[in-house]
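Okay, entry20.cif now, which holds mmCIF, C-alpha atoms:
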```cif
data_structure
#
loop_
_atom_site.label_atom_id
_atom_site.label_comp_id
_atom_site.auth_asym_id
_atom_site.auth_seq_id
_atom_site.Cartn_x
_atom_site.Cartn_y
_atom_site.Cartn_z
CA MET U 280 77.32 99.44 124.06
CA SER U 281 78.48 96.88 121.49
CA LEU U 282 79.32 97.15 117.81
CA ASP U 283 77.81 94.73 115.33
CA THR U 284 80.10 92.59 113.21
CA GLU U 285 79.66 94.66 110.04
CA THR U 286 80.65 97.87 111.82
CA VAL U 287 83.74 96.28 113.33
CA ALA U 288 84.74 94.68 110.03
CA ALA U 289 84.41 97.96 108.16
CA ALA U 290 86.84 99.66 110.54
CA ARG U 291 89.53 96.99 110.34
CA LEU U 292 91.55 95.08 107.76
CA TYR U 293 90.77 91.65 109.11
CA GLY U 294 87.25 91.97 110.45
CA VAL U 295 85.51 88.80 111.51
CA CYS U 296 88.49 86.44 110.90
CA ASP U 297 90.38 88.36 113.62
CA TYR U 298 87.64 87.98 116.20
CA TYR U 299 89.67 89.15 119.21
CA ASP U 300 91.21 92.08 117.31
CA ALA U 301 94.89 91.14 117.28
CA GLU U 302 95.14 93.75 114.55
CA SER U 303 94.93 96.40 117.27
CA LEU U 304 98.55 95.55 118.13
CA LEU U 305 99.62 97.04 114.79
CA THR U 306 100.51 100.70 114.43
CA GLU U 307 98.61 102.86 111.96
CA ALA U 308 101.68 102.97 109.71
CA GLU U 309 101.88 99.18 109.71
CA ARG U 310 98.19 98.92 108.88
CA ARG U 311 98.69 101.27 105.92
CA VAL U 312 101.50 99.07 104.53
CA LEU U 313 99.35 95.98 104.95
CA GLY U 314 96.47 97.84 103.32
CA ARG U 315 98.67 98.48 100.28
CA LEU U 316 99.48 94.79 100.17
CA ARG U 317 95.78 93.91 100.46
CA SER U 318 94.91 96.23 97.55
CA PHE U 319 97.62 94.70 95.37
CA LEU U 320 96.59 91.14 96.16
CA ASP U 321 92.90 91.83 95.54
CA ARG U 322 93.49 93.75 92.32
CA GLU U 323 96.44 91.94 90.71
CA ALA U 324 96.86 88.51 92.30
CA LYS U 325 93.42 87.05 93.01
CA PRO U 326 92.21 87.11 89.39
CA LEU U 327 95.19 84.92 88.40
CA LEU U 328 95.24 82.32 91.17
CA ALA U 329 92.85 79.65 89.90
CA GLU U 330 94.34 79.62 86.41
CA TYR U 331 97.96 79.43 87.52
CA TRP U 332 97.24 76.92 90.28
CA GLU U 333 95.63 74.61 87.72
CA ARG U 334 98.52 75.12 85.29
CA GLY U 335 101.07 74.42 87.99
CA GLU U 336 102.96 77.61 87.18
CA PHE U 337 103.93 80.65 89.23
CA PRO U 338 102.52 83.99 87.99
CA THR U 339 105.93 85.59 87.51
CA GLN U 340 104.33 88.89 86.51
CA LEU U 341 103.47 89.36 90.20
CA ALA U 342 107.03 88.98 91.46
CA GLN U 343 108.53 92.39 90.73
CA PRO U 344 105.40 94.40 91.70
CA LEU U 345 105.31 92.46 94.98
CA ILE U 346 109.00 93.25 95.56
CA ASP U 347 108.35 96.90 94.70
CA LEU U 348 105.84 97.14 97.56
CA ASP U 349 108.91 97.22 99.87
CA LEU U 350 107.33 94.92 102.44
CA MET U 351 110.39 93.44 104.11
CA GLU U 352 111.64 96.61 105.77
CA PRO U 353 109.21 99.33 104.62
CA GLY U 354 110.87 102.74 104.60
CA ASP U 355 107.76 104.40 106.00
CA LEU U 356 108.00 102.15 109.07
CA THR U 357 111.74 102.06 109.70
CA GLY U 358 113.30 105.12 108.08
CA ALA U 359 115.28 105.30 104.88
CA GLY U 360 118.94 104.65 104.20
CA PRO U 361 121.50 102.23 105.66
CA ASP U 362 120.28 102.76 109.22
CA ARG U 363 116.85 101.30 108.58
CA GLY U 364 115.89 99.26 111.62
CA ALA U 365 114.12 95.91 111.66
CA ALA U 366 110.37 95.95 111.14
CA ARG U 367 108.48 94.76 114.20
CA GLY U 368 107.77 91.07 114.50
CA ILE U 369 104.01 91.60 114.77
CA TYR U 370 104.01 93.46 111.45
CA GLN U 371 106.14 90.73 109.85
CA GLY U 372 103.69 88.12 111.11
CA PHE U 373 100.66 89.92 109.71
CA ARG U 374 102.50 90.40 106.40
CA ILE U 375 102.76 86.61 106.15
CA PHE U 376 99.16 86.23 107.34
CA GLU U 377 97.92 88.64 104.64
CA LEU U 378 99.78 86.79 101.90
CA ALA U 379 98.63 83.35 103.10
CA ARG U 380 94.96 84.34 103.42
CA THR U 381 95.19 85.11 99.70
CA ASP U 382 97.32 82.15 98.61
CA ALA U 383 99.73 79.74 100.26
CA SER U 384 102.13 79.67 97.31
CA LEU U 385 102.47 83.46 97.31
CA ALA U 386 103.20 83.38 101.04
CA THR U 387 105.71 80.55 100.59
CA TRP U 388 107.42 82.32 97.69
CA TYR U 389 107.80 85.57 99.63
CA THR U 390 108.94 83.96 102.88
CA ALA U 391 111.52 81.89 101.00
CA GLN U 392 113.39 85.19 100.69
CA ALA U 393 112.08 87.24 103.62
CA GLY U 394 112.11 84.33 106.08
CA LEU U 395 114.31 81.38 105.15
CA PHE U 396 117.09 83.02 103.12
CA ARG U 397 117.17 86.15 105.24
CA THR U 398 117.43 84.02 108.39
CA ALA U 399 120.29 82.04 106.85
CA ILE U 400 122.19 85.29 106.36
CA ARG U 401 121.14 86.86 109.67
CA VAL U 402 122.08 83.82 111.75
CA GLY U 403 124.77 82.19 109.63
CA ALA U 404 126.80 85.03 108.14
CA SER U 405 129.63 86.85 109.85
CA SER U 406 129.19 90.55 110.60
CA GLU U 407 131.28 91.42 107.53
CA GLN U 408 129.21 89.13 105.33
CA GLN U 409 125.98 90.52 106.72
CA ALA U 410 127.09 94.07 106.00
CA GLU U 411 127.68 93.10 102.38
CA TRP U 412 124.70 90.83 101.77
CA MET U 413 121.82 91.86 104.02
CA PRO U 414 120.91 95.13 102.21
CA LYS U 415 120.75 93.11 98.98
CA VAL U 416 118.56 90.48 100.62
CA ILE U 417 116.15 93.15 101.86
CA ASP U 418 115.75 94.81 98.45
CA PHE U 419 115.78 91.45 96.58
CA SER U 420 118.83 92.38 94.50
CA LEU U 421 120.32 89.16 95.91
CA LYS U 422 117.64 86.48 95.71
CA GLY U 423 118.30 83.22 97.51
CA VAL U 424 116.72 80.02 98.76
CA PHE U 425 117.30 77.75 101.74
CA SER U 426 118.60 74.39 100.49
CA LEU U 427 118.57 71.88 103.35
CA THR U 428 116.20 68.99 102.58
CA GLU U 429 117.59 66.07 100.59
CA PRO U 430 116.01 63.27 98.51
CA ASP U 431 116.57 60.71 101.27
CA SER U 432 116.55 62.96 104.34
CA GLY U 433 113.79 65.23 105.57
CA SER U 434 112.85 64.73 109.19
CA ASP U 435 116.17 63.01 109.86
CA ILE U 436 118.27 65.68 108.18
CA ALA U 437 120.32 66.37 111.33
CA GLY U 438 121.96 62.98 111.14
CA GLY U 439 121.13 62.03 107.56
CA LEU U 440 122.48 65.04 105.68
CA SER U 441 124.76 63.53 103.04
CA THR U 442 125.73 66.41 100.74
CA SER U 443 129.49 66.71 101.21
CA ALA U 444 131.92 69.63 101.30
CA ARG U 445 135.64 69.12 100.80
CA ARG U 446 138.15 71.94 101.34
CA GLU U 447 140.73 72.56 98.64
CA GLY U 448 142.86 75.62 99.41
CA ASP U 449 140.63 78.68 99.36
CA SER U 450 137.71 76.77 97.83
CA TRP U 451 135.24 74.06 98.74
CA ILE U 452 133.97 71.26 96.50
CA LEU U 453 130.33 70.31 97.00
CA ASP U 454 128.72 67.01 95.95
CA GLY U 455 125.20 65.78 96.63
CA ALA U 456 121.55 66.62 96.05
CA LYS U 457 118.79 68.75 97.53
CA ARG U 458 115.03 68.37 97.06
CA TRP U 459 111.83 70.37 97.52
CA ILE U 460 113.70 73.66 97.24
CA GLY U 461 111.04 76.26 96.49
CA GLY U 462 111.94 79.16 94.21
CA ALA U 463 115.37 77.78 93.28
CA ALA U 464 114.90 78.33 89.53
CA THR U 465 114.63 82.11 89.92
CA ALA U 466 117.17 82.55 92.74
CA ASP U 467 120.61 84.07 92.30
CA VAL U 468 122.18 81.87 94.96
CA LEU U 469 121.37 78.68 96.82
CA ALA U 470 122.16 78.53 100.54
CA VAL U 471 123.40 74.94 100.53
CA PHE U 472 124.06 72.97 103.71
CA ALA U 473 126.73 70.28 103.42
CA ARG U 474 128.75 68.05 105.71
CA ASP U 475 132.47 68.81 105.93
CA VAL U 476 134.32 65.57 105.18
CA ALA U 477 137.19 66.71 107.44
CA ASP U 478 135.31 67.09 110.72
CA GLY U 479 131.82 65.69 109.97
CA GLN U 480 130.17 68.99 110.88
CA VAL U 481 127.54 70.83 108.82
CA LYS U 482 128.64 73.98 107.00
CA ALA U 483 126.69 76.36 104.75
CA PHE U 484 127.60 77.93 101.41
CA LEU U 485 126.13 80.45 98.98
CA VAL U 486 126.24 78.65 95.65
CA ASP U 487 125.61 80.50 92.39
CA ARG U 488 122.54 78.92 90.80
CA GLN U 489 124.27 78.84 87.40
CA ALA U 490 127.62 77.57 88.65
CA ASP U 491 129.28 74.66 86.87
CA GLY U 492 128.01 71.39 88.33
CA VAL U 493 124.62 72.74 89.48
CA THR U 494 121.59 71.09 87.86
CA LEU U 495 117.98 72.02 88.64
CA GLU U 496 114.94 69.93 87.77
CA LYS U 497 111.36 71.05 88.38
CA ILE U 498 109.35 68.64 90.54
CA HIS U 499 106.19 67.70 88.65
CA GLY U 500 102.98 65.97 89.70
CA LYS U 501 102.31 67.93 92.90
CA THR U 502 98.80 68.11 94.35
CA ALA U 503 99.60 70.98 96.75
CA LEU U 504 101.36 74.34 96.37
CA ARG U 505 101.08 73.82 92.63
CA MET U 506 102.07 77.42 91.84
CA MET U 507 105.24 77.20 93.91
CA GLN U 508 108.10 75.89 91.79
CA ASN U 509 109.99 73.28 93.79
CA ALA U 510 113.27 71.95 92.50
CA HIS U 511 115.45 68.88 92.76
CA ILE U 512 119.04 70.15 92.80
CA THR U 513 122.07 68.06 91.90
CA LEU U 514 125.53 69.27 92.93
CA GLY U 515 128.39 67.63 91.10
CA GLY U 516 131.86 68.90 91.96
CA VAL U 517 130.62 72.46 92.51
CA ARG U 518 133.44 74.81 93.49
CA VAL U 519 132.61 77.55 96.05
CA PRO U 520 135.12 80.09 97.42
CA GLU U 521 135.72 80.27 101.16
CA SER U 522 134.36 83.83 101.08
CA ARG U 523 130.96 82.36 100.16
CA ARG U 524 130.86 80.05 103.17
CA LEU U 525 128.56 81.30 105.94
CA HIS U 526 131.19 81.69 108.64
CA ASN U 527 128.86 81.31 111.63
CA VAL U 528 127.54 77.89 110.57
CA ASN U 529 129.88 75.27 111.98
CA SER U 530 127.55 72.52 113.18
CA PHE U 531 123.91 71.44 112.93
CA LYS U 532 123.24 73.36 116.14
CA ASP U 533 123.68 76.52 114.09
CA VAL U 534 121.18 75.21 111.53
CA ALA U 535 118.77 74.39 114.35
CA ALA U 536 118.95 78.01 115.48
CA MET U 537 117.71 79.02 112.03
CA LEU U 538 114.87 76.50 112.10
CA ARG U 539 113.86 77.73 115.55
CA ALA U 540 113.41 81.23 114.15
CA MET U 541 111.74 80.17 110.89
CA ARG U 542 109.04 77.85 112.23
CA SER U 543 107.09 80.82 113.55
CA ASP U 544 106.75 82.05 109.94
CA VAL U 545 105.15 78.76 108.94
CA ALA U 546 102.75 78.99 111.89
CA TRP U 547 101.66 82.40 110.56
CA ILE U 548 101.19 80.84 107.10
CA ALA U 549 99.04 78.06 108.57
CA THR U 550 96.96 80.67 110.37
CA GLY U 551 96.54 82.79 107.25
CA ILE U 552 95.43 79.76 105.22
CA GLN U 553 92.72 79.14 107.79
CA ALA U 554 91.55 82.74 107.55
CA GLY U 555 91.39 82.58 103.76
CA ALA U 556 89.45 79.30 103.77
CA PHE U 557 87.06 80.53 106.47
CA GLU U 558 86.37 83.79 104.65
CA ALA U 559 85.74 81.97 101.36
CA ALA U 560 83.35 79.55 103.06
CA LEU U 561 81.53 82.36 104.86
CA ARG U 562 81.04 84.26 101.60
CA TYR U 563 79.69 81.17 99.91
CA VAL U 564 77.14 80.20 102.56
CA THR U 565 75.76 83.74 102.78
CA GLU U 566 75.20 83.84 99.01
CA ARG U 567 74.15 80.25 98.27
CA ARG U 568 70.51 79.25 98.78
CA GLN U 569 69.21 75.72 99.35
CA PHE U 570 65.67 74.63 100.22
CA GLY U 571 64.60 78.23 99.71
CA ARG U 572 66.89 79.59 102.45
CA PRO U 573 70.46 80.95 102.67
CA LEU U 574 72.85 78.07 103.31
CA GLY U 575 74.22 80.02 106.26
CA SER U 576 70.85 79.87 108.02
CA PHE U 577 71.12 76.13 108.76
CA GLN U 578 72.19 75.03 112.24
CA LEU U 579 74.79 72.51 111.12
CA VAL U 580 76.44 75.04 108.80
CA GLN U 581 76.59 77.63 111.58
CA GLU U 582 78.17 75.09 113.92
CA LYS U 583 80.93 74.44 111.37
CA LEU U 584 81.45 78.16 110.84
CA ALA U 585 81.83 78.61 114.60
CA ARG U 586 84.41 75.81 114.76
CA MET U 587 86.38 77.34 111.91
CA LEU U 588 86.36 80.74 113.59
CA GLY U 589 87.44 79.14 116.86
CA ASN U 590 90.39 77.52 115.11
CA VAL U 591 91.44 80.74 113.39
CA THR U 592 91.12 82.70 116.63
CA ALA U 593 93.10 80.15 118.64
CA SER U 594 95.82 80.01 116.00
CA LEU U 595 96.08 83.79 115.69
CA SER U 596 96.29 84.12 119.46
CA LEU U 597 99.06 81.51 119.53
CA VAL U 598 101.23 83.08 116.83
CA VAL U 599 100.77 86.60 118.19
CA ARG U 600 101.93 85.51 121.64
CA LEU U 601 104.86 83.56 120.18
CA THR U 602 105.88 86.64 118.19
CA GLU U 603 105.68 88.82 121.30
CA GLN U 604 107.97 86.38 123.13
CA GLN U 605 110.47 86.32 120.29
CA ALA U 606 110.47 90.12 120.21
CA LYS U 607 111.81 89.91 123.76
CA GLY U 608 114.63 87.66 122.58
CA ILE U 609 113.02 84.44 123.84
CA TYR U 610 113.66 81.77 121.21
CA ARG U 611 113.06 78.19 122.31
CA ASP U 612 112.73 75.15 120.08
CA GLN U 613 109.63 73.96 121.87
CA ASP U 614 107.84 77.30 121.48
CA SER U 615 108.07 77.51 117.71
CA ALA U 616 107.52 73.74 117.40
CA LEU U 617 104.32 73.95 119.46
CA ALA U 618 103.02 76.83 117.36
CA LYS U 619 103.78 75.12 114.06
CA MET U 620 102.33 71.81 115.28
CA GLN U 621 99.08 73.22 116.64
CA THR U 622 98.30 75.80 113.97
CA SER U 623 98.91 73.18 111.27
CA LEU U 624 96.65 70.69 113.04
CA LEU U 625 93.87 73.27 113.33
CA MET U 626 94.50 74.32 109.72
CA ARG U 627 93.78 70.80 108.51
CA GLU U 628 90.43 70.78 110.28
CA THR U 629 89.54 74.32 109.20
CA VAL U 630 90.14 73.80 105.49
CA ALA U 631 88.26 70.49 105.62
CA LEU U 632 85.26 72.18 107.25
CA ALA U 633 85.42 74.99 104.68
CA ARG U 634 85.37 72.49 101.83
CA GLU U 635 82.54 70.62 103.55
CA VAL U 636 80.15 73.56 103.95
CA VAL U 637 80.65 74.54 100.31
CA GLY U 638 79.54 71.04 99.30
CA GLY U 639 80.30 69.71 95.83
CA ASN U 640 81.39 73.15 94.68
CA GLY U 641 84.11 72.97 97.33
CA ILE U 642 86.28 70.88 95.02
CA THR U 643 86.22 73.56 92.29
CA LEU U 644 88.78 76.33 92.05
CA GLU U 645 85.97 78.81 91.37
CA ALA U 646 84.64 78.52 94.92
CA ASP U 647 88.13 79.35 96.26
CA VAL U 648 88.31 76.87 99.14
CA ALA U 649 89.80 74.07 97.03
CA ARG U 650 93.19 75.78 96.76
CA PHE U 651 93.40 76.24 100.52
CA HIS U 652 92.23 72.66 101.11
CA ALA U 653 94.93 71.20 98.85
CA ASP U 654 97.76 73.58 99.74
CA ALA U 655 97.29 72.99 103.47
CA GLU U 656 98.69 69.48 103.08
CA ALA U 657 102.09 70.81 102.03
CA VAL U 658 102.20 73.35 104.84
CA TYR U 659 101.21 70.62 107.31
CA SER U 660 104.46 68.80 106.48
CA TYR U 661 107.12 71.39 105.69
CA GLU U 662 109.33 73.05 108.33
CA GLY U 663 108.88 69.97 110.51
CA THR U 664 106.11 67.38 110.36
CA HIS U 665 103.46 67.16 113.07
CA GLU U 666 105.28 64.24 114.66
CA ILE U 667 108.71 65.88 114.69
CA ASN U 668 107.36 69.06 116.26
CA ALA U 669 105.40 67.03 118.82
CA LEU U 670 108.60 65.22 119.84
CA ILE U 671 110.44 68.53 120.24
CA VAL U 672 107.70 69.68 122.62
CA GLY U 673 107.64 66.30 124.36
CA ARG U 674 111.38 66.43 124.94
CA ALA U 675 111.03 69.83 126.58
CA LEU U 676 108.18 68.58 128.80
CA THR U 677 109.82 65.37 129.99
CA GLY U 678 113.53 65.98 129.63
CA GLU U 679 113.68 62.76 127.59
CA SER U 680 114.38 62.54 123.86
CA ALA U 681 112.09 60.12 122.00
CA PHE U 682 113.79 60.68 118.65
CA ALA U 683 115.03 57.54 116.88
CA ARG U 684 118.71 56.92 117.37
#
```

Will you turn the file into structure tokens for me?
Amino acid sequence: MSLDTETVAAARLYGVCDYYDAESLLTEAERRVLGRLRSFLDREAKPLLAEYWERGEFPTQLAQPLIDLDLMEPGDLTGAGPDRGAARGIYQGFRIFELARTDASLATWYTAQAGLFRTAIRVGASSEQQAEWMPKVIDFSLKGVFSLTEPDSGSDIAGGLSTSARREGDSWILDGAKRWIGGAATADVLAVFARDVADGQVKAFLVDRQADGVTLEKIHGKTALRMMQNAHITLGGVRVPESRRLHNVNSFKDVAAMLRAMRSDVAWIATGIQAGAFEAALRYVTERRQFGRPLGSFQLVQEKLARMLGNVTASLSLVVRLTEQQAKGIYRDQDSALAKMQTSLLMRETVALAREVVGGNGITLEADVARFHADAEAVYSYEGTHEINALIVGRALTGESAFAR
């Protein structure tokens, strides 16, 4: 006996975009939390997206209600109080997926705190620092951003990082610039990575956003992630106490450990974007009529829908398996690089097919696919370009590094 698609979809959160039912790996409690998130996004966020995307502004009225949903470590999943345990990786992945299938900027904004900044503290802070800061990270009372990329160094940041840190007694003096730092304007602190002039090694510091010598400029003219506010940050003689240095970051290898953990988040975002674009395209072709027939009844349209679903299904299978491996403590550069590389590649094709089947209306914000189509380009490049991730995988396969020296 088999269930038709409508019956299956009605019983699950993700329905047809989760064709092989990865959702079944979630507990009922996790599904309830995600259901609350879905209700909020449908009711409060979706009506605002087209307007704010076109304006190039973030809908700040969504920030506190989204924080109040208690998504990072939900009490009804982990228990209340200081002994709250970590939410399961599969739930965390679907949380990102749910946000991204609604909007890539919302997912990027949330993971800037829940993924990037939290990872900086989890991996880079000492146990004493974690005890002080992590509860504040989880409840957003300490909001931070990950400030690594520079104006002249992105893919080559390991060797090209030029922001400097000079020790003076119990303080450090930071000079340099950072670029493409999402959410910096509303953060309390910036997790800034700088090269120690004494030993040439990379260190990390929590810099107050409003400290003397810190200047933020909004990056204008973007054609992707328009709602996400990215900043160019200038650091001129910024003084940071030693207590605000992340004590477990003493070389770029420590930064690489953070990137290894964070790339899986971006792979979930790329997968969620595909789901959102596919669902928007599917809605459109079932409602739109051409030549006296539903658009979805044409062979070529159905072939494109099948390819989109195949891409979403392959990507979801990939990120679920990666998350299961990481839950066992298996973190390898090549694993997260492969997931980010492949899901982003499939994302590019999926959003293009979604725009294609919607036709001329596919370039309008009203039809919904245009946002996904444009925003995918930013996700394709951040947290490691296709080429960089491919070389990480290639190095693992051959034992030979092909990176430029």

Set out as a Markdown table a contact list for region 444-482 of chain U and region 653-670 of chain U with a cut-off of 12 Å, giving each residue of region 444-482 of chain U that qualifies its closest atom pair and distance in Å to one decimal, counting all atoms listed in the file, ordered by chain and rising residue number.
```
| residue | atom | partner | partner_atom | distance |
| --- | --- | --- | --- | --- |
| U:Trp459 | CA | U:Tyr661 | CA | 9.5 |
| U:Ile460 | CA | U:Tyr661 | CA | 10.9 |
| U:Gly461 | CA | U:Tyr661 | CA | 11.1 |
```

Excluding region 352-356 of chain U and its own-chain neighbours fewer than 4 positions away, which residues fall within 12 Å of it when counting all atoms listed in the file? Please give them as number ranges by chain. U: 305-313, 315-316, 346-348, 360-368, 370-371, 374, 393, 397, 413-419

Restricting to only C-alpha atoms, whichever of U:Lys619, U:Arg586, U:His526, U:Arg539 is closest to Leu395 (chain U) is U:Arg539

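Taking CA of Gln604 (chain U) as the reference point, CA of Leu538 (chain U) is found at 16.3 Å.
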
Give me the residues near Lys501 (chain U) as a ChimeraX atom specification, where near means some atom within 12 Å (using all atoms listed in the file) and where sequence neighbours in that chain fewer than 2 positions away do not count. /U:332-336,459,497-499,503-510,653-654,656-657

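When only C-alpha atoms are used to compute distances to Val591 (chain U), the closest of the residues U:Leu574, U:Val630, U:Ala616, U:Ala536 turns out to be U:Val630.
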
Of U:Ser406, U:Gln613, U:Ser426, U:Thr629, the one nearest to Gly673 (chain U) when counting only C-alpha atoms is U:Gln613

Extending 4 Å beyond the listed atoms of region 613-632 of chain U on each side, what axis-aligned box results? I want centre and edge lengths in Å to one decimal, as JSON.
```
{"center_x": 97.4, "center_y": 74.0, "center_z": 113.7, "size_x": 32.4, "size_y": 15.0, "size_z": 24.4}
```

Output of the PyMOL selection byres ((chain U and resi 384-387) around 10), listed as a PyMOL selection string: chain U and resi 320+324+328+332+337-338+341-342+345+374-383+388-395+461-462+503-508+544-545+547-548+551-552+650-651+654+658

Using the selection just defined, write its residues with C-alpha atoms as a PDB file, in the coordinates of the input.
```pdb
ATOM      1  CA  LEU U 320      96.590  91.140  96.160  1.00  0.00           C
ATOM      2  CA  ALA U 324      96.860  88.510  92.300  1.00  0.00           C
ATOM      3  CA  LEU U 328      95.240  82.320  91.170  1.00  0.00           C
ATOM      4  CA  TRP U 332      97.240  76.920  90.280  1.00  0.00           C
ATOM      5  CA  PHE U 337     103.930  80.650  89.230  1.00  0.00           C
ATOM      6  CA  PRO U 338     102.520  83.990  87.990  1.00  0.00           C
ATOM      7  CA  LEU U 341     103.470  89.360  90.200  1.00  0.00           C
ATOM      8  CA  ALA U 342     107.030  88.980  91.460  1.00  0.00           C
ATOM      9  CA  LEU U 345     105.310  92.460  94.980  1.00  0.00           C
ATOM     10  CA  ARG U 374     102.500  90.400 106.400  1.00  0.00           C
ATOM     11  CA  ILE U 375     102.760  86.610 106.150  1.00  0.00           C
ATOM     12  CA  PHE U 376      99.160  86.230 107.340  1.00  0.00           C
ATOM     13  CA  GLU U 377      97.920  88.640 104.640  1.00  0.00           C
ATOM     14  CA  LEU U 378      99.780  86.790 101.900  1.00  0.00           C
ATOM     15  CA  ALA U 379      98.630  83.350 103.100  1.00  0.00           C
ATOM     16  CA  ARG U 380      94.960  84.340 103.420  1.00  0.00           C
ATOM     17  CA  THR U 381      95.190  85.110  99.700  1.00  0.00           C
ATOM     18  CA  ASP U 382      97.320  82.150  98.610  1.00  0.00           C
ATOM     19  CA  ALA U 383      99.730  79.740 100.260  1.00  0.00           C
ATOM     20  CA  TRP U 388     107.420  82.320  97.690  1.00  0.00           C
ATOM     21  CA  TYR U 389     107.800  85.570  99.630  1.00  0.00           C
ATOM     22  CA  THR U 390     108.940  83.960 102.880  1.00  0.00           C
ATOM     23  CA  ALA U 391     111.520  81.890 101.000  1.00  0.00           C
ATOM     24  CA  GLN U 392     113.390  85.190 100.690  1.00  0.00           C
ATOM     25  CA  ALA U 393     112.080  87.240 103.620  1.00  0.00           C
ATOM     26  CA  GLY U 394     112.110  84.330 106.080  1.00  0.00           C
ATOM     27  CA  LEU U 395     114.310  81.380 105.150  1.00  0.00           C
ATOM     28  CA  GLY U 461     111.040  76.260  96.490  1.00  0.00           C
ATOM     29  CA  GLY U 462     111.940  79.160  94.210  1.00  0.00           C
ATOM     30  CA  ALA U 503      99.600  70.980  96.750  1.00  0.00           C
ATOM     31  CA  LEU U 504     101.360  74.340  96.370  1.00  0.00           C
ATOM     32  CA  ARG U 505     101.080  73.820  92.630  1.00  0.00           C
ATOM     33  CA  MET U 506     102.070  77.420  91.840  1.00  0.00           C
ATOM     34  CA  MET U 507     105.240  77.200  93.910  1.00  0.00           C
ATOM     35  CA  GLN U 508     108.100  75.890  91.790  1.00  0.00           C
ATOM     36  CA  ASP U 544     106.750  82.050 109.940  1.00  0.00           C
ATOM     37  CA  VAL U 545     105.150  78.760 108.940  1.00  0.00           C
ATOM     38  CA  TRP U 547     101.660  82.400 110.560  1.00  0.00           C
ATOM     39  CA  ILE U 548     101.190  80.840 107.100  1.00  0.00           C
ATOM     40  CA  GLY U 551      96.540  82.790 107.250  1.00  0.00           C
ATOM     41  CA  ILE U 552      95.430  79.760 105.220  1.00  0.00           C
ATOM     42  CA  ARG U 650      93.190  75.780  96.760  1.00  0.00           C
ATOM     43  CA  PHE U 651      93.400  76.240 100.520  1.00  0.00           C
ATOM     44  CA  ASP U 654      97.760  73.580  99.740  1.00  0.00           C
ATOM     45  CA  VAL U 658     102.200  73.350 104.840  1.00  0.00           C
TER      46      VAL U 658
END
```

Which residues fall under the PyMOL selection byres ((chain U and resi 682) around 9) in this file, as a ChimeraX atom specification? /U:667,670-671,674,680-681,683-684

Would you pick out the contacts of Lys583 (chain U) at 8 Å or less, using only C-alpha atoms, so that residues sharing its chain but fewer than 3 positions from it are not included, and give the list as a list of chain:residue names? U:Leu579, U:Val580, U:Arg586, U:Met587, U:Leu632, U:Val636

Completed region 496-507 of chain U (N, CA and C atoms) as a tab-separated table (two decimals), in the coordinates of the input:
```tsv
chain	number	residue	atom	x	y	z
U	496	GLU	N	116.06	70.57	88.45
U	496	GLU	CA	114.94	69.93	87.77
U	496	GLU	C	113.65	70.29	88.52
U	497	LYS	N	112.64	70.74	87.77
U	497	LYS	CA	111.36	71.05	88.38
U	497	LYS	C	110.67	69.77	88.83
U	498	ILE	N	110.10	69.79	90.03
U	498	ILE	CA	109.35	68.64	90.54
U	498	ILE	C	107.92	68.74	90.01
U	499	HIS	N	107.52	67.73	89.26
U	499	HIS	CA	106.19	67.70	88.65
U	499	HIS	C	105.24	66.81	89.47
U	500	GLY	N	103.96	66.89	89.13
U	500	GLY	CA	102.98	65.97	89.70
U	500	GLY	C	102.54	66.31	91.11
U	501	LYS	N	102.71	67.56	91.55
U	501	LYS	CA	102.31	67.93	92.90
U	501	LYS	C	100.81	68.16	92.98
U	502	THR	N	100.23	67.84	94.12
U	502	THR	CA	98.80	68.11	94.35
U	502	THR	C	98.61	69.22	95.38
U	503	ALA	N	99.68	69.85	95.81
U	503	ALA	CA	99.60	70.98	96.75
U	503	ALA	C	100.67	71.99	96.37
U	504	LEU	N	100.44	73.26	96.73
U	504	LEU	CA	101.36	74.34	96.37
U	504	LEU	C	101.78	74.23	94.91
U	505	ARG	N	100.78	74.06	94.05
U	505	ARG	CA	101.08	73.82	92.63
U	505	ARG	C	101.74	75.03	91.97
U	506	MET	N	101.44	76.23	92.43
U	506	MET	CA	102.07	77.42	91.84
U	506	MET	C	103.53	77.56	92.25
U	507	MET	N	103.87	77.08	93.42
U	507	MET	CA	105.24	77.20	93.91
U	507	MET	C	106.13	76.22	93.15
```
